[in-house]
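Please read the structure below before turning to the comments.
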Amino acid sequence: MREVLDNNDNHDIKGEIDTIKSAFYKNLNEDIEKQKKIFIDEGGSEEEFVAEKDPYEYDIKDLLKKFRNIRIEFNKKLELEKEENQKIKYQIIEDIKGLINNEESINKTFHDFKELQRKWRETGLVPQSKMKNLWNTYHFHVENFYDYIKINQELRDLDLKKNLEIKITLCEDAEELLVEPSIIKAFNSLQKLHEQWREIGPVPRESKDDIWERFKSATSKINKKHQDFFEGRKTEQKKNLEAKTALCEKVEEIIETEITNHREWDEKSRDLVQLQKIWRTVGFAPKQDNNKIYERFRTSCDKFFDAKREFYAKNKELQQNNLQLKIDLCVEAEALKDNTDWKKTTQDFINIQIKWKEVGPVPRKHSDAIWKRFRAACDFFFDKKGEHFSSIDTEQVDNLNLKEQLIEEVTSFKSTGDVNENLKALKAFQRRWTEAGHVPIKKKDEVQFKFREAINKLFDELNLDEEKRNLLKFRSKMSSYSESTRGQNKMWMERDKYVGKLKQLESDLVLLDNNIGFFAKSKNAESLIEDVKKKIEDSRQKIESLKKKIRVIDEMDTSE
């Protein structure tokens with residue numbers, strides 16, 4: 001951003017600045033999500049998470065302030081240029097008026113006239129408030145020029161006909177914009193067509209009204225669609241405001257309830273988290289209300305969690321007990337880290353890690369240290385295990401040769417034109433790949449990448465729908481994972497991740513179903529419920545996709 005600002009060369013850099021700003025805040029939000037994940041993995045709860053301030057955010061804000069100042073100066077300069085262009089165009093009009101009494105030859109006079117028209121087209125924008133009067137004056141004197149001088153009728157007709165052809169093309173371009181999916185893009189393109197229309201000279205008098213009516217008709221339809229689009233968005237945002245107001249009232253009702261024990265805090269916390277999830281499913285409110293309604297909702301949520309923290313701050317015994325439990329798990333992991341019974345000890349470590357996740361939060365001042373101690377013991381064992389299996393390389397070299405030959409076969413495979421036969425061949429390639437066994441660890445990623453690249457290329461060439469092709473690619477990926485212990489662990493971590501996503505989606509689906517009941521009592525219930533139904537259908541499609549991937553992994557385990 002600093003480089004763009006320092007080298008703006010007095011041109012409009014708003015698009016570049018907006019792109020950089022969007023990229024920065026996307027990365028910032030991803031960093032916050034990573035911080036939150038680490039905080040939760042270490043035993044913290046989501047509602048207690050507070051993100052660290054990013055020092056670069058202050059820099060980006062300073063640069064944005066500098067950009068605003070640059071843009072102010074740029075706009076000032078642009079206005080000065082428009083005023084100068086206005087003077088130039090008025091002088092062109094005066095020059096056109098002067099041609100009427102010119103004693104030069106007709107050809108010379110007409111040539112001078114065309115040069116003035118070219119100069120007019122090449123001159124930039126003028127102030128918006130002066131544009132209409134300027135164009136009316138210009139066209140009046142252009143018409144006057146044609147009517148006054150005794151120009152060759154054939155030459156005049158040719159010029160008028162050429163202008164008519166150009167305006168017909170502009171009409172066709174405007175009519176094509178009627179089927180443009182993006183209303184905003186169509187509207188902006190139409191403005192450019194109007195600018196070109198004004199630049200074109202007169203057309204034959206008998207065609208003047210018809211061609212203008214055609215262009216005006218397309219213009220009116222596009223403007224109507226543009227207006228309807230913003231009216232529709234305004235209506236939708238009004239409904240969103242109603243929904244968010246109802247959610248605020250629900251939260252305010254919760255915080256007014258007297259809560260005296262742990263069970264009640266848990267129950268009300270679940271209710272409030274559910275309301276937060278519903279909030280995230282509702283779109284933006286009108287611009288003038290969006291920040292206010294969000295501030296109302298956030299303030300109420302903060303008030304609830306502040307009260308909850310105050311309640312639990314009075315009882316630290318539970319966190320001290322969790323600390324002792326995690327210390328015991330560290331001792332257990334440290335006792336196992338030198339064990340070379342790889343299979344059994346791996347399972348023991350997995351069990352210990354599961355227990356670790358089940359233990360609640362510990363005092364914040366001990367959280368980082370206890371986690372590093374536990375992680376060090378786990379990493380020590382799995383690093384030793386990796387070194388052990390990487391030393392077995394004699395057989396793996398032979399496997400490498402087999403797999404490289406198989407990659408050549410896949411690369412040179414020619415489609416038979418029969419989808420089922422091609423699919424059988426691809427499955428056979430993958431089965432042979434899995435049966436070939438392990439390769440040297442240094443070559444594993446390289447040959448695996450080449451094989452998957454080649455096999456995916458063949459999948460893409462099959463005449464299959466997108467979903468089925470993606471599932472086949474996923475099966476290929478999992479097949480490559482299944483050939484090593486580390487890969488199998490990774491495959492099952494993938495399965496756990498998908499199961500987690502599946503549970504979350506199923507939970508969201510229940511929540512969305514509940515939303516229908518919640519919004520049924522609201523104003524404009526029909527449109528609110530329609531939005532929820534669309535989100536329900538999207539969630540069901542994602543659930544079905546995840547189930548298919550989980551079945552693929554389960555089949556891999558069965559085949560082993």
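Starting from 1 in every chain, residues are counted up; chains themselves are A, B, ... following the order of the structure tokens, and ligands are numbered from 1 as listed.
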
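All residues of protein, DNA or RNA that reach within 9 Å of Lys357 in chain A, judged by only C-alpha atoms and not counting those fewer than 5 positions away in the chain, are Asp41, Glu42, Gly43 and Ile352 of chain A.
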
Please return as a VMD selection string: the residues of range 284-516 of chain A that backbone DSSP assigns to helix (DSSP H, G or I).
chain A and resid 287 to 313 317 to 336 342 to 358 364 to 390 394 to 412 419 to 435 441 to 461 466 to 481 485 to 516

Straight-line distance linking CA of Arg121 in chain A with CA of Tyr138 in chain A, stated in Å to one decimal:
11.8 Å

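Shortest atom-to-atom contact with Glu143 in chain A among A:Val251, A:Ile92, A:Thr123, A:Pro202: A:Pro202, counting only C-alpha atoms.
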
Have a look at A:Arg309, A:Lys66, A:Lys239, A:Arg373 and name the one nearest to Val331 in chain A; count only C-alpha atoms.
A:Arg373

If we count only C-alpha atoms, what is near Pro127 in chain A at a cut-off of 8 Å, once residues fewer than 4 positions away on the same chain are taken out, given as a CSV table (one decimal) with N, CA and C atoms, in the first residue's frame?
```csv
chain,number,residue,atom,x,y,z
A,79,GLU,N,-11.4,18.2,-10.7
A,79,GLU,CA,-12.4,19.3,-10.9
A,79,GLU,C,-11.8,20.4,-11.6
A,82,LYS,N,-11.7,19.4,-15.2
A,82,LYS,CA,-13.0,19.5,-15.8
A,82,LYS,C,-13.3,20.9,-16.2
A,83,GLU,N,-13.0,21.9,-15.3
A,83,GLU,CA,-13.3,23.3,-15.6
A,83,GLU,C,-12.4,23.8,-16.8
A,86,GLN,N,-14.0,22.4,-19.9
A,86,GLN,CA,-15.2,23.1,-20.2
A,86,GLN,C,-14.9,24.4,-21.0
A,131,MET,N,-22.8,20.0,-17.8
A,131,MET,CA,-22.8,19.1,-19.0
A,131,MET,C,-24.0,19.2,-19.9
```

Write out as a PyMOL selection string each polymer residue whose atoms come within 10 Å of Leu170 in chain A, counting only C-alpha atoms; drop sequence neighbours fewer than 2 positions from it.
chain A and resi 164-168+172-176+190+193-194+196-197+211+215

Which residue out of A:Lys444, A:Lys403, A:Lys37, A:Lys89 has the minimum interatomic distance to Phe429 in chain A when only C-alpha atoms are used?
A:Lys403

Residues at most 12 Å from Ala335 in chain A, counting only C-alpha atoms, excluding those fewer than 3 positions away in the same chain, as number ranges by chain?
A: 328-332, 338-339, 345, 348-349, 352, 374, 377-378, 380-381

Given the selection you just returned, output its residues as a file containing N, CA and C atoms, formatted as an mmCIF file, in the first residue's frame.
```
data_model
loop_
_atom_site.group_PDB
_atom_site.id
_atom_site.type_symbol
_atom_site.label_atom_id
_atom_site.label_comp_id
_atom_site.auth_asym_id
_atom_site.auth_seq_id
_atom_site.Cartn_x
_atom_site.Cartn_y
_atom_site.Cartn_z
ATOM 1 N N ASP A 328 -0.588 -34.599 35.619
ATOM 2 C CA ASP A 328 -0.564 -36.065 35.640
ATOM 3 C C ASP A 328 -0.457 -36.624 34.225
ATOM 4 N N LEU A 329 -1.158 -36.025 33.274
ATOM 5 C CA LEU A 329 -1.087 -36.490 31.884
ATOM 6 C C LEU A 329 0.293 -36.230 31.289
ATOM 7 N N CYS A 330 0.939 -35.116 31.673
ATOM 8 C CA CYS A 330 2.305 -34.844 31.227
ATOM 9 C C CYS A 330 3.260 -35.921 31.727
ATOM 10 N N VAL A 331 3.125 -36.277 32.994
ATOM 11 C CA VAL A 331 3.986 -37.319 33.596
ATOM 12 C C VAL A 331 3.779 -38.633 32.858
ATOM 13 N N GLU A 332 2.532 -38.969 32.563
ATOM 14 C CA GLU A 332 2.216 -40.208 31.852
ATOM 15 C C GLU A 332 2.833 -40.206 30.451
ATOM 16 N N ASP A 338 9.867 -42.884 25.457
ATOM 17 C CA ASP A 338 11.003 -43.697 24.998
ATOM 18 C C ASP A 338 10.601 -45.112 24.608
ATOM 19 N N ASN A 339 9.336 -45.465 24.701
ATOM 20 C CA ASN A 339 8.858 -46.807 24.392
ATOM 21 C C ASN A 339 8.939 -47.061 22.884
ATOM 22 N N THR A 345 2.081 -47.979 21.748
ATOM 23 C CA THR A 345 2.372 -46.670 22.349
ATOM 24 C C THR A 345 1.690 -45.544 21.574
ATOM 25 N N ASP A 348 -1.652 -45.430 22.888
ATOM 26 C CA ASP A 348 -1.627 -44.861 24.241
ATOM 27 C C ASP A 348 -1.553 -43.327 24.175
ATOM 28 N N PHE A 349 -0.700 -42.822 23.282
ATOM 29 C CA PHE A 349 -0.581 -41.360 23.146
ATOM 30 C C PHE A 349 -1.888 -40.738 22.637
ATOM 31 N N ILE A 352 -4.177 -40.529 25.538
ATOM 32 C CA ILE A 352 -3.790 -39.447 26.450
ATOM 33 C C ILE A 352 -4.214 -38.094 25.880
ATOM 34 N N PHE A 374 3.519 -30.852 27.614
ATOM 35 C CA PHE A 374 2.794 -31.995 27.071
ATOM 36 C C PHE A 374 3.131 -32.203 25.594
ATOM 37 N N ALA A 377 6.611 -33.913 24.949
ATOM 38 C CA ALA A 377 6.651 -35.369 25.135
ATOM 39 C C ALA A 377 6.044 -36.076 23.924
ATOM 40 N N CYS A 378 4.919 -35.572 23.437
ATOM 41 C CA CYS A 378 4.264 -36.185 22.273
ATOM 42 C C CYS A 378 5.160 -36.094 21.033
ATOM 43 N N PHE A 380 8.382 -35.788 20.870
ATOM 44 C CA PHE A 380 9.585 -36.621 21.027
ATOM 45 C C PHE A 380 9.308 -38.046 20.558
ATOM 46 N N PHE A 381 8.170 -38.616 21.004
ATOM 47 C CA PHE A 381 7.839 -39.990 20.617
ATOM 48 C C PHE A 381 7.601 -40.100 19.114
#
```

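Taking CA of Arg68 in chain A as the reference point, CA of Gln288 in chain A is found at 22.1 Å.
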
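The gap separating CA of Ala51 in chain A from CA of Glu33 in chain A is 8.8 Å, in Å to one decimal.
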
Write out as an NGL selection string which residues come within 10 Å of Phe74 in chain A when counting only C-alpha atoms, dropping same-chain ones fewer than 3 positions away.
:A and (10-13 or 68-71 or 77-80)

Among listed residues A:Leu160, A:His141, A:Tyr498, A:Glu47, nearest Lys303 in chain A (using only C-alpha atoms):
A:Glu47

Need to verify the contact set: range 254-259 of chain A, 7 Å, only C-alpha atoms, exclusion of same-chain residues closer than 5 positions in sequence. Can you return it as a list in words?
Glu264, Trp265 and Phe304 of chain A

Can you work out which one of A:Ala23, A:Asp368, A:Pro55, A:Gln347 has the shortest atom-to-atom distance to Asn489 in chain A, counting only C-alpha atoms?
A:Gln347
